[in-house]
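Novice: Okay, handing you the structure first.
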Amino acid sequence: MYYKRTRTEKECKEERIENLKTNDNKKGVSPVKVIPIGGLNEIGKNMTVLEYKNDIMIIDCGLSFPDDEMFGIDIVIPDFSYLIKNRDKVKGMILTHGHEDHIGAIPYFLKELNIPIYGTRLTLGLVENKLKEHGIKGKLNTIKAGQTVKIGEFKVDTIRTTHSIADAICLAIDTPAGVVFHTGDFKIDYTPIDGEPIDFQRLAELGHKGVLLMLADSTNAERKGYTASEKTVGVTLENIFRNSEARILIATFSSNVHRVQRIVDTAVMFGRKVAISGRSMVNVVNLAIELGYLKVPENVFVDINKIKHIPDNQLVIITTGSQGEPMSALSRMASSDHKAVQIKRGDMVILSSSPIPGNEKTISNVVNKLFEKGADVIYSDIADIHVSGHACSEELKLIHSLIKPKYFMPVHGEYRHLKQHALLAESLGMPPQNTYILENGQVLHLTKDNVVKAKEEVAASAILVDGLGVGDVGNIVLRDRKLLSESGLIIVVAAIDKSTGMICSGPDIISRGFVYVRENEDLMNSAKMAVSARLNKCYEGGLRDWAGLKNAVKDELKNFIYERTKRSPVILPIFLEV
């Protein structure tokens with residue numbers, strides 16, 4: 001299946017390096033570069049660059065969501081600086097599917113480089129909705145699975161695959177060095193809702209022809225066995241509907257059109273009307289109906305504002321908020337802030353998703369609020385109401401066996417996922433030296449029959465988006481926000497005669513997030529006295545430099561506060577010149 005190793009690892013590595021040098025020295029021969037800009041050692045922010053001479057193509061352009069330490073940050077996007085620097089080389093972008101972690105950063109990218117974008121109908125429909133929100137237009141080119149796209153020197157064959165969103169594709173990219181295969185996000189579902197399974201014949205043909213390098217989804221590489229089919233969720237939903245006379249509310253990802261279709265089909269089966277809540281859910285459902293990906297019989301949908309007249313046992317509400325997002329429709333329902341829906345005792349609430357790492361606490365808070373209101377809540381821990389969209393280990397083995405790549409680079413996952421995927425490949429016979437676990441910004445050089453990790457690296461840091469600000473919040477600002485959140489702030493205000501250094505007014509102390517001043521007047525008065533004494537000492541010592549005065553006040557107050565409270569708030573002296 002794989003090329004068997006007949007020489008030592010050291011000998012093979014030295015030979016590859018020597019062959020690369022020889023090829024590079026030949027006239028007109030340059031390596032194909034594979035550059036991950038995002039998606040490695042993380043979940044989200046997926047973006048991969050292929051470069052050959054004066055041509056660059058991009059695979060996906062996604063975002064990720066901030067972790068708990070990123071106070072005030074809305075989203076995180078890839079670093080586009082390398083592409084902006086080489087803007088004349090960038091020929092186009094192709095999208096594997098329409099999830100946020102693969103298309104969410106496109107509006108920010110197009111504001112810098114308005115290049116042609118290729119994707120399937122549903123994927124581009126979701127992208128177009130995003131571009132409208134940002135008030136920009138893109139050069140969107142619709143393709144179908146099985147179609148070939150030319151992007152500069154790269155010929156891209158698109159192949160149908162299965163995932164938790166419709167219209168997903170994988171890519172076989174014909175490059176001057178050989179074929180590079182990118183799985184995109186996938187799982188192997190033999191009974192998909194839309195009846196279109198992964199194109200195994202095309203994959204087998206690729207493997208027979210020969211693949212130089214494979215980049216493959218690693219999200220579920222740690223999980224043994226197979227990912228369950230989407231149809232298993234349908235069976236669970238049918239059982240819930242059959243045994244319930246209550247109003248049913250189901251929260252799921254808006255992009256999971258197959259799941260929405262299954263919910264609608266089950267509602268129709270049991271004679272229930274369907275209402276939609278949540279802006280993103282409404283937008284995606286309308287788009288999916290318009291493009292033909294969602295089939296809904298007439299008179300099944302009802303306006304969310306007119307559900308009061310429908311008996312509970314005849315109604316299903318499909319909503320956003322399966323991850324406990326604070327402003328989502330389900331969270332607002334749980335907090336009694338939703339205009340049209342109030343949770344009441346006996347309601348059946350189903351969270352048809354698994355927690356994304358980092359969201360466990362927010363989901364738990366929503367579930368607790370729903371229980372407090374008397375609802376019956378079903379979530380992934382107690383019922384099979386969600387299946388992953390990513391391949392588990394046995395499915396990954398099948399892909400490796402079909403594609404039979406000479407070299408392998410695991411993508412889309414944290415380091416532990418990438419490592420487990422590399423070990424899985426090795427268990428199938430892949431030589432360890434033919435597997436490359438990279439970090440964002442590192443570069444692979446591909447020549448005919450050779451893949452080598454280059455010494456060069458490109459900028460690939462995380463760019464933070466805070467409101468309308470893109471990239472203007474960095475580590476220093478985040479550190480300050482963290483300190484403010486942990487210890488609070490003390491502001492010292494004094495009016496000082498700049499010529500003499502004497503205090504004309506103050507000092508006054510303002511506290512925010514440290515202590516409540518009215519309940520700690522003795523502490524504040526003592527702090528004022530300590531600051532005043534230090535300023536007088538500076539005056540007597542002839543210190544007139546304002547920077548020196550501020551440092552002296554900070555040191556004095558820092559030591560005083562820590563001695564009295566064992567806390568270290570942020571201290572900000574403000575001197576007014578008189």
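Labels for the structure tokens follow display order: chains A, B, ..., residues from 1 in each chain, ligands from 1.
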Quick one: which segment 64-98 of chain A residues come within 12 Å of segment 136-148 of chain A, and what is the nearest atom pair for each with the distance in Å to one decimal, counting only C-alpha atoms, rows ordered by chain and ascending number, as a tab-separated table?

Specialist:
```
residue	atom	partner	partner_atom	distance
A:Lys91	CA	A:Lys139	CA	11.8
A:Gly92	CA	A:Lys139	CA	9.6
A:Met93	CA	A:Leu140	CA	9.8
A:Ile94	CA	A:Asn141	CA	9.4
A:Leu95	CA	A:Ile143	CA	10.2
A:Thr96	CA	A:Ala145	CA	10.2
A:His97	CA	A:Ala145	CA	11.2
```

Novice: Write down as a ChimeraX atom specification the residues belonging to segment 73-227 of chain A that are assigned strand (DSSP E or B) by DSSP computed on the backbone.

Specialist: /A:75-77,90-94,116-119,139-142,148-151,154-160,162,169-175,178-182,187,211-217

Novice: Using DSSP assignments from the backbone, pull out every residue in segment 75-146 of chain A that falls under alpha helix (DSSP H) and give it to me as a PDB file with C-alpha atoms, in the first residue's frame.

Specialist:
```pdb
ATOM      1  CA  SER A  81       0.240  39.522   5.454  1.00  0.00           C
ATOM      2  CA  TYR A  82       2.148  36.971   3.340  1.00  0.00           C
ATOM      3  CA  LEU A  83      -0.619  36.973   0.724  1.00  0.00           C
ATOM      4  CA  ILE A  84      -0.904  40.760   0.727  1.00  0.00           C
ATOM      5  CA  LYS A  85       2.853  40.986   0.264  1.00  0.00           C
ATOM      6  CA  GLU A 100     -17.477  29.194   9.623  1.00  0.00           C
ATOM      7  CA  ASP A 101     -14.041  27.735  10.276  1.00  0.00           C
ATOM      8  CA  HIS A 102     -13.567  27.517   6.498  1.00  0.00           C
ATOM      9  CA  ILE A 103     -15.359  30.600   5.112  1.00  0.00           C
ATOM     10  CA  ILE A 106     -13.502  35.734   3.652  1.00  0.00           C
ATOM     11  CA  PRO A 107     -15.060  39.220   4.083  1.00  0.00           C
ATOM     12  CA  TYR A 108     -11.917  40.408   5.893  1.00  0.00           C
ATOM     13  CA  PHE A 109      -9.694  38.868   3.219  1.00  0.00           C
ATOM     14  CA  LEU A 110     -11.615  40.401   0.311  1.00  0.00           C
ATOM     15  CA  ARG A 121     -23.790  26.463  -4.642  1.00  0.00           C
ATOM     16  CA  LEU A 122     -24.613  26.230  -0.939  1.00  0.00           C
ATOM     17  CA  THR A 123     -21.087  27.234   0.098  1.00  0.00           C
ATOM     18  CA  LEU A 124     -21.114  30.342  -2.080  1.00  0.00           C
ATOM     19  CA  GLY A 125     -24.665  31.151  -1.012  1.00  0.00           C
ATOM     20  CA  LEU A 126     -23.462  31.305   2.597  1.00  0.00           C
ATOM     21  CA  VAL A 127     -20.445  33.380   1.538  1.00  0.00           C
ATOM     22  CA  GLU A 128     -22.686  35.804  -0.359  1.00  0.00           C
ATOM     23  CA  ASN A 129     -24.812  36.363   2.753  1.00  0.00           C
ATOM     24  CA  LYS A 130     -21.644  37.251   4.665  1.00  0.00           C
ATOM     25  CA  LEU A 131     -20.455  39.650   1.997  1.00  0.00           C
ATOM     26  CA  LYS A 132     -23.818  41.446   2.020  1.00  0.00           C
ATOM     27  CA  GLU A 133     -23.503  41.996   5.768  1.00  0.00           C
ATOM     28  CA  HIS A 134     -20.092  43.600   5.202  1.00  0.00           C
TER      29      HIS A 134
END
```

Novice: Could you list, as a VMD selection string, every residue within 10 Å of Ile378 of chain A, counting only C-alpha atoms and ignoring same-chain residues fewer than 6 positions away?

Specialist: chain A and resid 240 250 348 to 352 367 384 to 385

Novice: Given the choices A:Phe154, A:Tyr293, A:Phe514, A:Tyr539, which gets closest to Ile571 of chain A if the distance is worked out from only C-alpha atoms?

Specialist: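 Smallest separation from Ile571 of chain A among the options: A:Phe514.
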
Novice: Using only C-alpha atoms, determine which residues lie at most 7 Å from Tyr407 of chain A, disregarding the query and same-chain residues fewer than 2 positions distant; provide the list as a list in words.

Specialist: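 Final neighbour list, sorted by chain and number: Leu212, Leu213, Met214, Pro405, Asn434 and Thr435 of chain A.
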
Novice: Quick one: contact table of segment 455-524 of chain A to segment 33-39 of chain A, 9 Å max, nearest atom pair and distance in Å to one decimal per residue, counting only C-alpha atoms, chain and number order, as a Markdown table?

Specialist:
```
| residue | atom | partner | partner_atom | distance |
| --- | --- | --- | --- | --- |
| A:Glu457 | CA | A:Ile35 | CA | 8.6 |
| A:Val458 | CA | A:Ile35 | CA | 8.1 |
| A:Ala459 | CA | A:Ile37 | CA | 7.9 |
| A:Ala460 | CA | A:Ile37 | CA | 5.3 |
| A:Ser461 | CA | A:Ile37 | CA | 8.2 |
| A:Ala462 | CA | A:Gly38 | CA | 8.3 |
```

Novice: Using only C-alpha atoms, determine which residues lie at most 12 Å from Val296 of chain A, disregarding the query and same-chain residues fewer than 4 positions distant; provide the list as an NGL selection string.

Specialist: :A and (257 or 260-268 or 273-274 or 285-286 or 288-290 or 292 or 300-302)

Novice: Mind dumping the selected residues with C-alpha atoms as a CSV table (one decimal), in the first residue's frame?

Specialist:
```csv
chain,number,residue,atom,x,y,z
A,257,VAL,CA,-29.0,21.6,6.5
A,260,VAL,CA,-32.7,20.6,9.7
A,261,GLN,CA,-34.2,18.4,6.9
A,262,ARG,CA,-34.4,15.5,9.2
A,263,ILE,CA,-36.2,17.5,11.9
A,264,VAL,CA,-38.7,18.9,9.3
A,265,ASP,CA,-39.3,15.4,7.9
A,266,THR,CA,-39.9,14.0,11.4
A,267,ALA,CA,-42.2,16.9,12.3
A,268,VAL,CA,-44.3,16.2,9.1
A,273,LYS,CA,-45.8,22.6,12.3
A,274,VAL,CA,-42.3,24.0,12.3
A,285,VAL,CA,-33.0,27.9,5.9
A,286,ASN,CA,-34.3,30.4,3.4
A,288,ALA,CA,-31.3,26.2,1.5
A,289,ILE,CA,-34.9,26.2,0.3
A,290,GLU,CA,-34.1,28.7,-2.5
A,292,GLY,CA,-33.1,23.3,-3.4
A,300,VAL,CA,-45.5,23.3,7.4
A,301,PHE,CA,-43.6,26.4,8.3
A,302,VAL,CA,-45.2,29.0,10.6
```

Novice: Measuring atom to atom with only C-alpha atoms, identify which of A:Val316, A:Ile165, A:Ile193, A:Ala552 is nearest to Ile248 of chain A.

Specialist: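 Looking only at the distances to Ile248 of chain A, the closest residue turns out to be A:Val316.
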
Novice: What does the distance from atom CA of Ala495 of chain A to atom CA of Phe575 of chain A come to in Å, to one decimal?

Specialist: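 Computing it gives 5.7 Å between the two atoms.
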
Novice: Pick out the residues sitting within 10 Å of Arg567 of chain A, and hand them over as a PyMOL selection string; count only C-alpha atoms, and ignore anything fewer than 4 positions along from it in its own chain.

Specialist: chain A and resi 486-488+514+558-563

Novice: Hey, can you spit out that residue selection with C-alpha atoms as a PDB file, in the first residue's frame?

Specialist:
```pdb
ATOM      1  CA  GLU A 486      -8.341  39.781  37.680  1.00  0.00           C
ATOM      2  CA  SER A 487      -7.309  42.662  39.959  1.00  0.00           C
ATOM      3  CA  GLY A 488      -9.229  45.799  39.035  1.00  0.00           C
ATOM      4  CA  PHE A 514     -10.862  46.613  43.109  1.00  0.00           C
ATOM      5  CA  LYS A 558       1.552  49.108  44.839  1.00  0.00           C
ATOM      6  CA  ASN A 559       3.495  48.224  47.990  1.00  0.00           C
ATOM      7  CA  PHE A 560       0.870  49.811  50.251  1.00  0.00           C
ATOM      8  CA  ILE A 561      -2.076  48.018  48.620  1.00  0.00           C
ATOM      9  CA  TYR A 562      -0.331  44.648  48.560  1.00  0.00           C
ATOM     10  CA  GLU A 563       0.669  44.947  52.203  1.00  0.00           C
TER      11      GLU A 563
END
```

Novice: List as a JSON list (two decimals) with C-alpha atoms, in the first residue's frame the protein and nucleic acid residues near Thr236 of chain A, meaning an atom at most 10 Å away when only C-alpha atoms are counted, but skip any in the same chain fewer than 3 places from it.

Specialist:
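Result saved to around.json:
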```
[["chain", "number", "residue", "atom", "x", "y", "z"],
["A", 231, "LYS", "CA", -29.70, 8.73, 9.86],
["A", 232, "THR", "CA", -29.09, 7.48, 13.43],
["A", 233, "VAL", "CA", -30.10, 10.94, 14.66],
["A", 239, "ASN", "CA", -38.61, 8.05, 19.19],
["A", 240, "ILE", "CA", -38.65, 11.40, 21.03],
["A", 241, "PHE", "CA", -41.45, 12.76, 18.84],
["A", 242, "ARG", "CA", -43.46, 9.55, 19.15],
["A", 383, "ALA", "CA", -29.19, 10.55, 24.08],
["A", 384, "ASP", "CA", -27.83, 10.06, 20.55],
["A", 385, "ILE", "CA", -29.17, 13.32, 19.19],
["A", 386, "HIS", "CA", -25.94, 14.35, 17.45]]
```

Novice: So the first atom is atom CA of Ile318 of chain A and the second is atom CA of Pro355 of chain A; what is the distance between them in Å, to one decimal place?

Specialist: 18.0 Å

Novice: For Ala204 of chain A, which of A:Ile510, A:Ile159, A:Leu50, A:Leu557 is the closest residue, counting only C-alpha atoms?

Specialist: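 Closest residue, counting only C-alpha atoms: A:Ile159.
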